[in-house]
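**Student:** Got a structure for you, protein09.txt, holding compact mmCIF, C-alpha atoms.
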```
# COMPACT_ATOMS: atom_id res chain seq x y z
CA MET A 1409 -31.53 23.14 14.60
CA PHE A 1410 -31.27 23.85 10.89
CA ASP A 1411 -30.42 22.01 7.69
CA LEU A 1412 -28.08 22.57 4.76
CA ALA A 1413 -30.90 23.87 2.55
CA GLN A 1414 -31.54 26.69 5.01
CA LEU A 1415 -27.82 27.49 5.14
CA ARG A 1416 -27.70 27.70 1.34
CA CYS A 1417 -30.68 30.04 1.32
CA PHE A 1418 -29.07 32.21 3.98
CA THR A 1419 -25.59 32.40 2.42
CA THR A 1420 -27.00 33.12 -1.02
CA LEU A 1421 -29.17 35.97 0.28
CA ALA A 1422 -26.25 37.26 2.38
CA ALA A 1423 -24.12 37.39 -0.77
CA GLU A 1424 -26.79 39.01 -2.97
CA LEU A 1425 -28.61 41.14 -0.35
CA ASN A 1426 -31.58 40.99 -2.72
CA PHE A 1427 -34.45 38.49 -2.43
CA ARG A 1428 -35.20 38.40 -6.16
CA ARG A 1429 -31.60 37.74 -7.26
CA ALA A 1430 -31.06 35.24 -4.44
CA ALA A 1431 -34.23 33.35 -5.37
CA GLU A 1432 -33.14 33.21 -9.02
CA ARG A 1433 -29.75 31.76 -8.04
CA LEU A 1434 -31.50 29.13 -5.94
CA ASN A 1435 -34.04 28.30 -8.67
CA MET A 1436 -36.96 29.12 -6.41
CA THR A 1437 -39.50 31.91 -5.92
CA GLN A 1438 -39.22 34.64 -3.29
CA PRO A 1439 -41.97 33.48 -0.87
CA PRO A 1440 -40.34 30.10 -0.11
CA LEU A 1441 -36.97 31.83 0.30
CA SER A 1442 -38.50 34.31 2.77
CA ARG A 1443 -40.06 31.44 4.75
CA GLN A 1444 -36.72 29.62 4.96
CA ILE A 1445 -34.97 32.74 6.27
CA GLN A 1446 -37.74 33.42 8.81
CA LEU A 1447 -37.63 29.81 10.01
CA LEU A 1448 -33.85 29.99 10.39
CA GLU A 1449 -34.08 33.23 12.37
CA HIS A 1450 -36.75 31.68 14.58
CA GLN A 1451 -34.57 28.61 15.23
CA LEU A 1452 -31.54 30.74 16.07
CA GLY A 1453 -33.56 33.24 18.10
CA VAL A 1454 -31.87 36.26 16.50
CA PRO A 1455 -32.56 38.41 13.42
CA LEU A 1456 -30.05 37.84 10.63
CA PHE A 1457 -31.23 40.55 8.22
CA LEU A 1458 -32.58 44.09 8.43
CA ARG A 1459 -35.30 44.46 5.78
CA SER A 1460 -36.82 47.56 4.30
CA THR A 1461 -38.73 48.28 1.13
CA ARG A 1462 -35.49 49.43 -0.46
CA SER A 1463 -32.70 47.28 0.96
CA VAL A 1464 -31.64 44.15 2.77
CA THR A 1465 -28.62 44.24 5.08
CA LEU A 1466 -26.99 41.79 7.47
CA THR A 1467 -27.21 42.34 11.19
CA ALA A 1468 -24.16 41.86 13.39
CA ALA A 1469 -25.47 38.36 14.20
CA GLY A 1470 -25.98 37.74 10.48
CA ARG A 1471 -22.41 38.72 9.66
CA ALA A 1472 -21.05 36.40 12.34
CA PHE A 1473 -23.33 33.58 11.26
CA PHE A 1474 -22.36 33.99 7.59
CA VAL A 1475 -18.73 33.06 8.29
CA GLU A 1476 -19.67 29.90 10.16
CA ALA A 1477 -22.48 28.96 7.76
CA GLN A 1478 -20.12 29.16 4.79
CA ALA A 1479 -17.60 26.98 6.63
CA LEU A 1480 -20.30 24.40 7.36
CA LEU A 1481 -21.34 24.27 3.69
CA ASP A 1482 -17.71 23.91 2.60
CA GLN A 1483 -17.21 21.09 5.11
CA ALA A 1484 -20.37 19.37 3.90
CA HIS A 1485 -19.11 19.58 0.32
CA ARG A 1486 -15.74 18.12 1.31
CA ALA A 1487 -17.45 15.31 3.23
CA ALA A 1488 -19.59 14.39 0.23
CA GLN A 1489 -16.61 14.54 -2.10
CA SER A 1490 -14.57 12.41 0.28
CA ALA A 1491 -17.30 9.77 0.38
CA ARG A 1492 -17.52 9.67 -3.42
CA LEU A 1493 -13.74 9.34 -3.81
CA ALA A 1494 -13.53 6.64 -1.15
CA ALA A 1495 -16.30 4.67 -2.86
CA ILE A 1496 -14.30 4.46 -6.10
CA GLY A 1497 -10.94 3.87 -4.42
CA GLU A 1498 -9.53 7.33 -5.10
CA SER A 1499 -9.04 8.12 -1.41
CA GLY A 1500 -8.87 6.34 1.90
CA ALA A 1501 -6.25 4.19 3.60
CA LEU A 1502 -4.74 0.78 2.91
CA ASN A 1503 -2.29 -1.30 4.95
CA ILE A 1504 0.26 -3.58 3.29
CA SER A 1505 2.31 -6.10 5.26
CA PHE A 1506 5.39 -7.70 3.75
CA VAL A 1507 8.36 -9.96 4.32
CA ALA A 1508 11.66 -8.10 4.38
CA SER A 1509 12.87 -9.43 1.02
CA ALA A 1510 9.94 -7.79 -0.78
CA VAL A 1511 11.40 -4.39 -0.07
CA TYR A 1512 14.52 -4.97 -2.18
CA ASP A 1513 12.80 -4.20 -5.45
CA VAL A 1514 9.13 -5.15 -5.86
CA LEU A 1515 7.55 -3.16 -3.06
CA PRO A 1516 9.22 0.22 -3.77
CA ARG A 1517 8.18 0.01 -7.42
CA ALA A 1518 4.67 -1.04 -6.51
CA ILE A 1519 4.19 1.79 -4.01
CA THR A 1520 5.53 4.33 -6.50
CA THR A 1521 3.02 3.12 -9.10
CA ALA A 1522 0.14 2.99 -6.61
CA LYS A 1523 0.83 6.49 -5.28
CA ARG A 1524 1.04 7.85 -8.82
CA GLU A 1525 -2.28 6.29 -9.84
CA ARG A 1526 -4.05 6.75 -6.48
CA PRO A 1527 -2.47 9.82 -4.84
CA GLY A 1528 -5.40 10.17 -2.45
CA VAL A 1529 -4.87 6.73 -0.89
CA ASP A 1530 -2.75 6.66 2.24
CA ILE A 1531 -0.65 3.47 2.08
CA ALA A 1532 0.93 2.20 5.30
CA LEU A 1533 3.69 -0.45 5.20
CA LEU A 1534 4.21 -3.02 7.95
CA GLU A 1535 7.13 -5.50 7.98
CA MET A 1536 6.04 -8.84 9.46
CA SER A 1537 6.83 -12.52 9.41
CA THR A 1538 4.48 -14.75 7.43
CA PHE A 1539 2.84 -16.01 10.62
CA GLU A 1540 2.27 -12.44 11.84
CA GLN A 1541 0.79 -11.51 8.48
CA VAL A 1542 -1.75 -14.30 8.65
CA GLN A 1543 -2.84 -13.10 12.07
CA ALA A 1544 -3.04 -9.50 10.86
CA LEU A 1545 -5.17 -10.51 7.87
CA ARG A 1546 -7.52 -12.46 10.11
CA ALA A 1547 -7.85 -9.47 12.45
CA ARG A 1548 -8.30 -7.06 9.48
CA ARG A 1549 -5.26 -5.04 10.53
CA VAL A 1550 -3.85 -5.31 7.01
CA ASP A 1551 -5.53 -5.33 3.61
CA LEU A 1552 -2.79 -6.96 1.56
CA ALA A 1553 0.08 -9.27 2.52
CA ILE A 1554 3.24 -10.13 0.59
CA VAL A 1555 4.68 -13.47 1.69
CA ARG A 1556 7.18 -16.06 0.46
CA ALA A 1557 4.84 -19.05 0.29
CA PRO A 1558 1.20 -19.51 -0.74
CA LEU A 1559 -1.38 -19.35 2.02
CA GLN A 1560 -4.11 -21.81 1.09
CA GLN A 1561 -6.50 -21.10 3.94
CA PRO A 1562 -10.27 -20.57 4.06
CA GLY A 1563 -11.24 -16.95 3.62
CA LEU A 1564 -7.92 -15.95 2.01
CA ILE A 1565 -7.04 -15.44 -1.64
CA SER A 1566 -3.44 -16.34 -2.43
CA GLU A 1567 -1.82 -15.45 -5.76
CA CYS A 1568 1.73 -16.06 -6.94
CA LEU A 1569 3.18 -12.63 -7.66
CA LEU A 1570 6.53 -13.62 -9.12
CA ARG A 1571 9.16 -16.32 -9.37
CA GLU A 1572 12.80 -15.29 -9.27
CA PRO A 1573 15.99 -17.36 -9.61
CA PHE A 1574 18.49 -17.82 -6.84
CA VAL A 1575 21.99 -16.49 -7.31
CA LEU A 1576 25.23 -17.41 -5.59
CA ALA A 1577 26.53 -14.90 -3.04
CA ALA A 1578 30.24 -15.40 -2.43
CA PRO A 1579 32.97 -13.54 -0.50
CA ALA A 1580 34.99 -11.41 -2.89
CA GLU A 1581 38.19 -13.41 -2.28
CA HIS A 1582 36.55 -16.82 -2.71
CA PRO A 1583 37.52 -18.68 -5.92
CA LEU A 1584 33.85 -18.99 -6.95
CA ALA A 1585 33.50 -15.22 -6.84
CA GLN A 1586 36.13 -15.07 -9.59
CA HIS A 1587 34.63 -17.93 -11.61
CA GLU A 1588 32.74 -16.86 -14.73
CA ARG A 1589 30.38 -19.85 -14.73
CA PRO A 1590 30.18 -21.53 -11.33
CA THR A 1591 28.07 -24.70 -11.08
CA LEU A 1592 26.07 -26.28 -8.32
CA GLU A 1593 28.61 -29.11 -8.01
CA MET A 1594 31.26 -26.58 -7.01
CA LEU A 1595 29.39 -26.01 -3.72
CA HIS A 1596 30.25 -29.53 -2.53
CA GLY A 1597 32.27 -29.34 0.70
CA GLN A 1598 32.17 -25.54 0.72
CA PRO A 1599 31.16 -23.55 3.83
CA PHE A 1600 27.53 -22.63 3.29
CA ILE A 1601 25.12 -20.32 5.11
CA LEU A 1602 21.58 -21.66 5.06
CA TYR A 1603 18.18 -20.12 5.65
CA ALA A 1604 16.88 -21.29 9.02
CA HIS A 1605 13.96 -23.71 8.86
CA THR A 1606 12.13 -21.93 11.68
CA ALA A 1607 12.26 -18.55 9.93
CA TRP A 1608 12.39 -19.40 6.22
CA GLN A 1609 10.92 -22.87 5.86
CA PRO A 1610 10.27 -22.64 2.07
CA PHE A 1611 13.87 -21.64 1.28
CA ASN A 1612 15.36 -24.06 3.80
CA GLU A 1613 13.47 -27.03 2.40
CA LEU A 1614 14.08 -25.95 -1.19
CA HIS A 1615 17.86 -25.68 -0.73
CA THR A 1616 18.37 -28.77 1.41
CA GLY A 1617 16.19 -30.75 -1.00
CA LEU A 1618 18.22 -29.45 -3.93
CA PHE A 1619 21.52 -30.52 -2.36
CA ARG A 1620 20.14 -33.89 -1.34
CA ALA A 1621 18.73 -34.62 -4.81
CA SER A 1622 22.01 -33.55 -6.45
CA GLY A 1623 24.22 -35.55 -4.09
CA ILE A 1624 25.98 -32.39 -2.98
CA GLN A 1625 27.01 -31.86 0.64
CA PRO A 1626 28.09 -28.32 1.50
CA GLU A 1627 29.44 -27.66 4.97
CA PHE A 1628 26.56 -25.88 6.70
CA VAL A 1629 28.19 -23.35 9.01
CA GLN A 1630 25.17 -21.21 9.95
CA ALA A 1631 21.38 -21.19 9.60
CA LEU A 1632 19.92 -17.70 9.80
CA GLY A 1633 16.58 -15.96 9.52
CA SER A 1634 17.10 -13.06 7.12
CA THR A 1635 18.77 -12.43 3.78
CA LEU A 1636 20.43 -9.30 5.12
CA THR A 1637 22.05 -11.24 7.98
CA ILE A 1638 23.16 -14.01 5.63
CA LEU A 1639 24.80 -11.50 3.29
CA SER A 1640 26.50 -9.85 6.25
CA LEU A 1641 28.20 -13.16 7.06
CA VAL A 1642 29.10 -13.72 3.41
CA ASN A 1643 30.63 -10.25 3.49
CA ALA A 1644 32.68 -11.34 6.50
CA GLY A 1645 34.02 -14.32 4.54
CA MET A 1646 32.21 -16.99 6.56
CA GLY A 1647 30.71 -18.87 3.64
CA LEU A 1648 28.63 -19.01 0.47
CA ALA A 1649 24.86 -18.63 0.16
CA LEU A 1650 22.01 -18.91 -2.30
CA VAL A 1651 19.77 -15.84 -2.19
CA PRO A 1652 16.94 -14.53 -4.39
CA ARG A 1653 18.22 -12.44 -7.28
CA SER A 1654 16.43 -9.35 -5.95
CA ALA A 1655 18.82 -9.47 -2.97
CA SER A 1656 21.67 -8.51 -5.31
CA ALA A 1657 20.35 -4.96 -4.94
CA ILE A 1658 21.88 -5.04 -1.44
CA ARG A 1659 25.43 -3.78 -1.69
CA PHE A 1660 28.22 -5.19 0.48
CA GLU A 1661 31.82 -4.34 -0.29
CA GLN A 1662 33.02 -7.94 -0.05
CA VAL A 1663 30.08 -9.79 -1.62
CA ARG A 1664 29.95 -10.86 -5.25
CA PHE A 1665 26.86 -12.31 -6.94
CA ARG A 1666 27.10 -14.97 -9.64
CA ASP A 1667 24.41 -16.66 -11.71
CA LEU A 1668 24.18 -20.37 -11.00
CA PRO A 1669 22.42 -22.88 -13.30
CA LEU A 1670 19.79 -24.60 -11.17
CA PRO A 1671 17.07 -27.14 -11.99
CA LYS A 1672 13.78 -25.76 -13.23
CA GLY A 1673 11.43 -24.99 -10.36
CA VAL A 1674 14.19 -24.10 -7.92
CA CYS A 1675 13.29 -20.46 -7.48
CA GLY A 1676 12.08 -18.00 -4.90
CA GLU A 1677 8.45 -16.94 -4.93
CA LEU A 1678 6.49 -13.98 -3.65
CA HIS A 1679 2.76 -14.32 -3.09
CA LEU A 1680 0.01 -11.78 -2.64
CA VAL A 1681 -2.64 -12.63 -0.06
CA TRP A 1682 -5.84 -10.82 0.90
CA ARG A 1683 -9.20 -11.61 2.48
CA ASP A 1684 -11.88 -12.70 0.07
CA ASP A 1685 -14.36 -10.39 1.84
CA ASN A 1686 -12.15 -7.29 1.88
CA ASP A 1687 -14.33 -4.39 0.68
CA ASN A 1688 -11.68 -1.65 0.64
CA PRO A 1689 -12.36 0.08 -2.72
CA ALA A 1690 -8.66 0.98 -3.10
CA LEU A 1691 -7.50 -2.65 -2.86
CA PRO A 1692 -7.99 -3.72 -6.52
CA ALA A 1693 -5.98 -0.76 -7.83
CA VAL A 1694 -3.13 -1.40 -5.39
CA ILE A 1695 -3.08 -5.11 -6.25
CA ASP A 1696 -2.81 -4.17 -9.93
CA ALA A 1697 0.08 -1.82 -9.12
CA VAL A 1698 1.95 -4.59 -7.29
CA ARG A 1699 1.33 -7.00 -10.15
CA GLN A 1700 2.63 -4.45 -12.66
CA ALA A 1701 5.77 -3.84 -10.61
CA ALA A 1702 6.46 -7.58 -10.46
CA HIS A 1703 5.89 -7.94 -14.20
CA ASP A 1704 8.32 -5.08 -14.90
CA ILE A 1705 11.03 -6.90 -12.94
CA TYR A 1706 10.34 -10.47 -14.12
CA PRO A 1707 8.20 -10.35 -17.28
CA GLN A 1708 8.20 -14.15 -17.63
CA SER A 1709 7.41 -15.01 -14.00
```
Any chance you could give the structure as structure tokens?
**Tutor:**
Amino acid sequence: MFDLAQLRCFTTLAAELNFRRAAERLNMTQPPLSRQIQLLEHQLGVPLFLRSTRSVTLTAAGRAFFVEAQALLDQAHRAAQSARLAAIGESGALNISFVASAVYDVLPRAITTAKRERPGVDIALLEMSTFEQVQALRARRVDLAIVRAPLQQPGLISECLLREPFVLAAPAEHPLAQHERPTLEMLHGQPFILYAHTAWQPFNELHTGLFRASGIQPEFVQALGSTLTILSLVNAGMGLALVPRSASAIRFEQVRFRDLPLPKGVCGELHLVWRDDNDNPALPAVIDAVRQAAHDIYPQS
């Protein structure tokens, strides 16, 4: 029916109630302004102004139309601004999936940094298993995934975010909890809670391989799927466990954490994964925020 240029002509004249001043504000002459107003009135089918040789006033229809016309121009301005901000990653939405252990330290810091630097970006967090995250990336339900093992698959970019040592989690009354410098050899024959192969294959294979290579045989009493559950059983006195150092942020009354000298390369990893064709403008800034958070925690990783 009408365009934004006509609305600007109308609202400017409605504010000035003078063709000469309105034309000057619009950087145009009076005849084109008059034609735009006449065309708008013709399209609407109602007069918007009462004109005389001495004055210009709004009709009742003009006053009603002014309110809505101003709202339309404001909305158009917001839409244009929103598009510009989205194009440079200053606004929009971004979905991050993660394994549970990422939430102990890295993820909260990363989100705090990202929200500070990109307050207009709405970040949604989704806890998923690694398998679920791969499916979500393929289906474009998430923009960025945080997993425990690299995903070397076509169409995905996988980057090691950090490497963190494992620490010994021991029941408070266990002798190793009181030991200032426990060693790996001290785990021989001790009740041990393992990460389940089906849920945490990287950790399971890393720990069982470590024990096998070192000739150490703990007594495996349980194999479980989450660090939180493992620490719950340690808290109950059921055995020892090796967990990523970030898990020491989880507080249990009867759990003590001790550093344990382990061979080089025996560490937990977090990896960032995203689609190589992801065009979300906010993604690079959020990736940088996650990297910075990881660097703050483990500068040498």
**Student:** Which residues come within 6 Å of A:Ala1697, counting all atoms listed in the file, excluding same-chain residues fewer than 5 positions away, as a count of residues only?
**Tutor:** 3
**Student:** A:Val1464: which residues within 8 Å, counting only C-alpha atoms, same-chain residues fewer than 6 positions away excluded, as a count of residues only?
**Tutor:** 4
**Student:** Hey, what's within 8 Å of stretch 1525-1536 of chain A if we count all atoms listed in the file and toss same-chain stuff fewer than 2 positions away? As a PDB file with C-alpha atoms, in the frame of the given file, please?
**Tutor:**
```pdb
ATOM      1  CA  GLY A1497     -10.940   3.870  -4.420  1.00  0.00           C
ATOM      2  CA  GLU A1498      -9.530   7.330  -5.100  1.00  0.00           C
ATOM      3  CA  SER A1499      -9.040   8.120  -1.410  1.00  0.00           C
ATOM      4  CA  GLY A1500      -8.870   6.340   1.900  1.00  0.00           C
ATOM      5  CA  ALA A1501      -6.250   4.190   3.600  1.00  0.00           C
ATOM      6  CA  LEU A1502      -4.740   0.780   2.910  1.00  0.00           C
ATOM      7  CA  ASN A1503      -2.290  -1.300   4.950  1.00  0.00           C
ATOM      8  CA  ILE A1504       0.260  -3.580   3.290  1.00  0.00           C
ATOM      9  CA  SER A1505       2.310  -6.100   5.260  1.00  0.00           C
ATOM     10  CA  PHE A1506       5.390  -7.700   3.750  1.00  0.00           C
ATOM     11  CA  VAL A1507       8.360  -9.960   4.320  1.00  0.00           C
ATOM     12  CA  ALA A1508      11.660  -8.100   4.380  1.00  0.00           C
ATOM     13  CA  ILE A1519       4.190   1.790  -4.010  1.00  0.00           C
ATOM     14  CA  THR A1521       3.020   3.120  -9.100  1.00  0.00           C
ATOM     15  CA  ALA A1522       0.140   2.990  -6.610  1.00  0.00           C
ATOM     16  CA  LYS A1523       0.830   6.490  -5.280  1.00  0.00           C
ATOM     17  CA  THR A1538       4.480 -14.750   7.430  1.00  0.00           C
ATOM     18  CA  PHE A1539       2.840 -16.010  10.620  1.00  0.00           C
ATOM     19  CA  GLU A1540       2.270 -12.440  11.840  1.00  0.00           C
ATOM     20  CA  GLN A1541       0.790 -11.510   8.480  1.00  0.00           C
ATOM     21  CA  ALA A1690      -8.660   0.980  -3.100  1.00  0.00           C
ATOM     22  CA  ALA A1693      -5.980  -0.760  -7.830  1.00  0.00           C
TER      23      ALA A1693
END
```
**Student:** Give me, as a Markdown table, each residue of stretch 1462-1525 of chain A that comes within 12 Å of stretch 1564-1580 of chain A, together with its shortest interatomic pair and the distance in Å at one decimal, counting all atoms listed in the file, with rows ordered by chain and rising residue number.
**Tutor:**
```
| residue | atom | partner | partner_atom | distance |
| --- | --- | --- | --- | --- |
| A:Ser1509 | CA | A:Glu1572 | CA | 11.8 |
| A:Ala1510 | CA | A:Leu1570 | CA | 10.7 |
| A:Asp1513 | CA | A:Glu1572 | CA | 11.7 |
| A:Val1514 | CA | A:Leu1570 | CA | 9.4 |
| A:Leu1515 | CA | A:Leu1569 | CA | 11.4 |
| A:Ala1518 | CA | A:Leu1569 | CA | 11.7 |
```
**Student:** Point out the residue among A:Pro1626, A:Pro1689, A:Arg1683, A:Asp1482 with the least atom-to-atom distance to A:Arg1549, counting all atoms listed in the file.
**Tutor:**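 Checking each candidate against A:Arg1549, we get A:Arg1683 as the closest.
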**Student:** Please produce, as CSV, a per-residue contact table for stretch 1570-1628 of chain A versus stretch 1658-1677 of chain A (criterion: any atom at most 12 Å away, only C-alpha atoms considered), showing the nearest atom pair and its distance in Å to one decimal, sorted by chain then residue number.
**Tutor:**
```
residue,atom,partner,partner_atom,distance
A:Leu1570,CA,A:Glu1677,CA,5.7
A:Arg1571,CA,A:Glu1677,CA,4.5
A:Glu1572,CA,A:Gly1676,CA,5.2
A:Pro1573,CA,A:Cys1675,CA,4.6
A:Phe1574,CA,A:Cys1675,CA,5.9
A:Val1575,CA,A:Asp1667,CA,5.0
A:Leu1576,CA,A:Arg1666,CA,5.1
A:Ala1577,CA,A:Phe1665,CA,4.7
A:Ala1578,CA,A:Arg1664,CA,5.4
A:Pro1579,CA,A:Val1663,CA,4.9
A:Ala1580,CA,A:Gln1662,CA,4.9
A:Glu1581,CA,A:Gln1662,CA,7.9
A:His1582,CA,A:Arg1664,CA,9.2
A:Pro1583,CA,A:Arg1664,CA,10.9
A:Leu1584,CA,A:Arg1666,CA,8.3
A:Ala1585,CA,A:Arg1664,CA,5.8
A:Gln1586,CA,A:Arg1664,CA,8.6
A:His1587,CA,A:Arg1666,CA,8.3
A:Glu1588,CA,A:Arg1666,CA,7.8
A:Arg1589,CA,A:Leu1668,CA,7.3
A:Pro1590,CA,A:Leu1668,CA,6.1
A:Thr1591,CA,A:Leu1668,CA,5.8
A:Leu1592,CA,A:Leu1668,CA,6.8
A:Glu1593,CA,A:Leu1668,CA,10.2
A:Met1594,CA,A:Leu1668,CA,10.2
A:Leu1595,CA,A:Leu1668,CA,10.6
A:Trp1608,CA,A:Gly1676,CA,11.2
A:Gln1609,CA,A:Gly1676,CA,11.9
A:Pro1610,CA,A:Gly1676,CA,8.6
A:Phe1611,CA,A:Gly1676,CA,7.4
A:Asn1612,CA,A:Gly1676,CA,11.1
A:Glu1613,CA,A:Val1674,CA,10.8
A:Leu1614,CA,A:Val1674,CA,7.0
A:His1615,CA,A:Val1674,CA,8.2
A:Thr1616,CA,A:Val1674,CA,11.2
A:Gly1617,CA,A:Val1674,CA,9.8
A:Leu1618,CA,A:Val1674,CA,7.8
A:Phe1619,CA,A:Leu1670,CA,10.8
A:Ala1621,CA,A:Pro1671,CA,10.5
A:Ser1622,CA,A:Pro1671,CA,9.8
```
**Student:** Could you jot down the atom CA of A:Ser1654 to atom CA of A:Pro1599 separation for me, Å, one decimal place?
**Tutor:**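 These atoms are spaced 22.7 Å apart.
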**Student:** For atom CA of A:Tyr1512 and atom CA of A:Val1629, determine how far apart the two atoms are, in Å to one decimal place.
**Tutor:** 25.5 Å
**Student:** One number please: atom CA of A:Glu1424 to atom CA of A:Gln1451, in Å, one decimal.
**Tutor:** 22.4 Å
**Student:** Go through A:Ser1537, A:Glu1627, A:Val1681, A:Ile1695 one by one, measure the shortest atom-to-atom distance of each to A:Ala1607 using all atoms listed in the file, and give the residue with the smallest value.
**Tutor:**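 Among the listed residues, the smallest separation from A:Ala1607 belongs to A:Ser1537.
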**Student:** Within 12 Å of (-39.9, 28.4, 6.4) (coordinates as in the file), grab all the protein and nucleic acid residues, counting all atoms listed in the file, and write them out as a PDB file with C-alpha atoms, in the coordinates of the input.
**Tutor:**
```pdb
ATOM      1  CA  PHE A1410     -31.270  23.850  10.890  1.00  0.00           C
ATOM      2  CA  ASP A1411     -30.420  22.010   7.690  1.00  0.00           C
ATOM      3  CA  ALA A1413     -30.900  23.870   2.550  1.00  0.00           C
ATOM      4  CA  GLN A1414     -31.540  26.690   5.010  1.00  0.00           C
ATOM      5  CA  CYS A1417     -30.680  30.040   1.320  1.00  0.00           C
ATOM      6  CA  PHE A1418     -29.070  32.210   3.980  1.00  0.00           C
ATOM      7  CA  GLN A1438     -39.220  34.640  -3.290  1.00  0.00           C
ATOM      8  CA  PRO A1439     -41.970  33.480  -0.870  1.00  0.00           C
ATOM      9  CA  PRO A1440     -40.340  30.100  -0.110  1.00  0.00           C
ATOM     10  CA  LEU A1441     -36.970  31.830   0.300  1.00  0.00           C
ATOM     11  CA  SER A1442     -38.500  34.310   2.770  1.00  0.00           C
ATOM     12  CA  ARG A1443     -40.060  31.440   4.750  1.00  0.00           C
ATOM     13  CA  GLN A1444     -36.720  29.620   4.960  1.00  0.00           C
ATOM     14  CA  ILE A1445     -34.970  32.740   6.270  1.00  0.00           C
ATOM     15  CA  GLN A1446     -37.740  33.420   8.810  1.00  0.00           C
ATOM     16  CA  LEU A1447     -37.630  29.810  10.010  1.00  0.00           C
ATOM     17  CA  LEU A1448     -33.850  29.990  10.390  1.00  0.00           C
ATOM     18  CA  GLU A1449     -34.080  33.230  12.370  1.00  0.00           C
ATOM     19  CA  HIS A1450     -36.750  31.680  14.580  1.00  0.00           C
ATOM     20  CA  GLN A1451     -34.570  28.610  15.230  1.00  0.00           C
TER      21      GLN A1451
END
```
**Student:** When distances are computed from only C-alpha atoms, which of A:Leu1680, A:Leu1650, A:Leu1456, A:Ala1423 shows the smallest separation from A:Leu1559?
**Tutor:**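 Comparing A:Leu1680, A:Leu1650, A:Leu1456, A:Ala1423 against A:Leu1559, the winner is A:Leu1680.
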**Student:** Counting all atoms listed in the file, figure out which residue out of A:Ala1604, A:Ala1484, A:Leu1636, A:Val1511 gets nearest to A:Ala1701.
**Tutor:** A:Val1511
**Student:** Can you work out which one of A:Arg1486, A:Thr1637, A:Ala1422, A:Leu1632 has the shortest atom-to-atom distance to A:Leu1466, counting only C-alpha atoms?
**Tutor:** A:Ala1422
**Student:** With only C-alpha atoms as the basis for distance, which of A:Arg1546, A:Pro1516, A:Asp1685, A:Arg1462 is at the shortest distance from A:Ile1705?
**Tutor:**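 Among A:Arg1546, A:Pro1516, A:Asp1685, A:Arg1462, it is A:Pro1516 that comes nearest to A:Ile1705.
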**Student:** Which residues, written as a list in words, have at least one atom at most 10 Å from A:Leu1415, with only C-alpha atoms counted and residues fewer than 6 positions away on the same chain left out?
**Tutor:** Leu1421, Gln1444, Ile1445, Leu1448, Phe1473, Phe1474, Glu1476, Ala1477, Gln1478, Leu1480 and Leu1481 of chain A
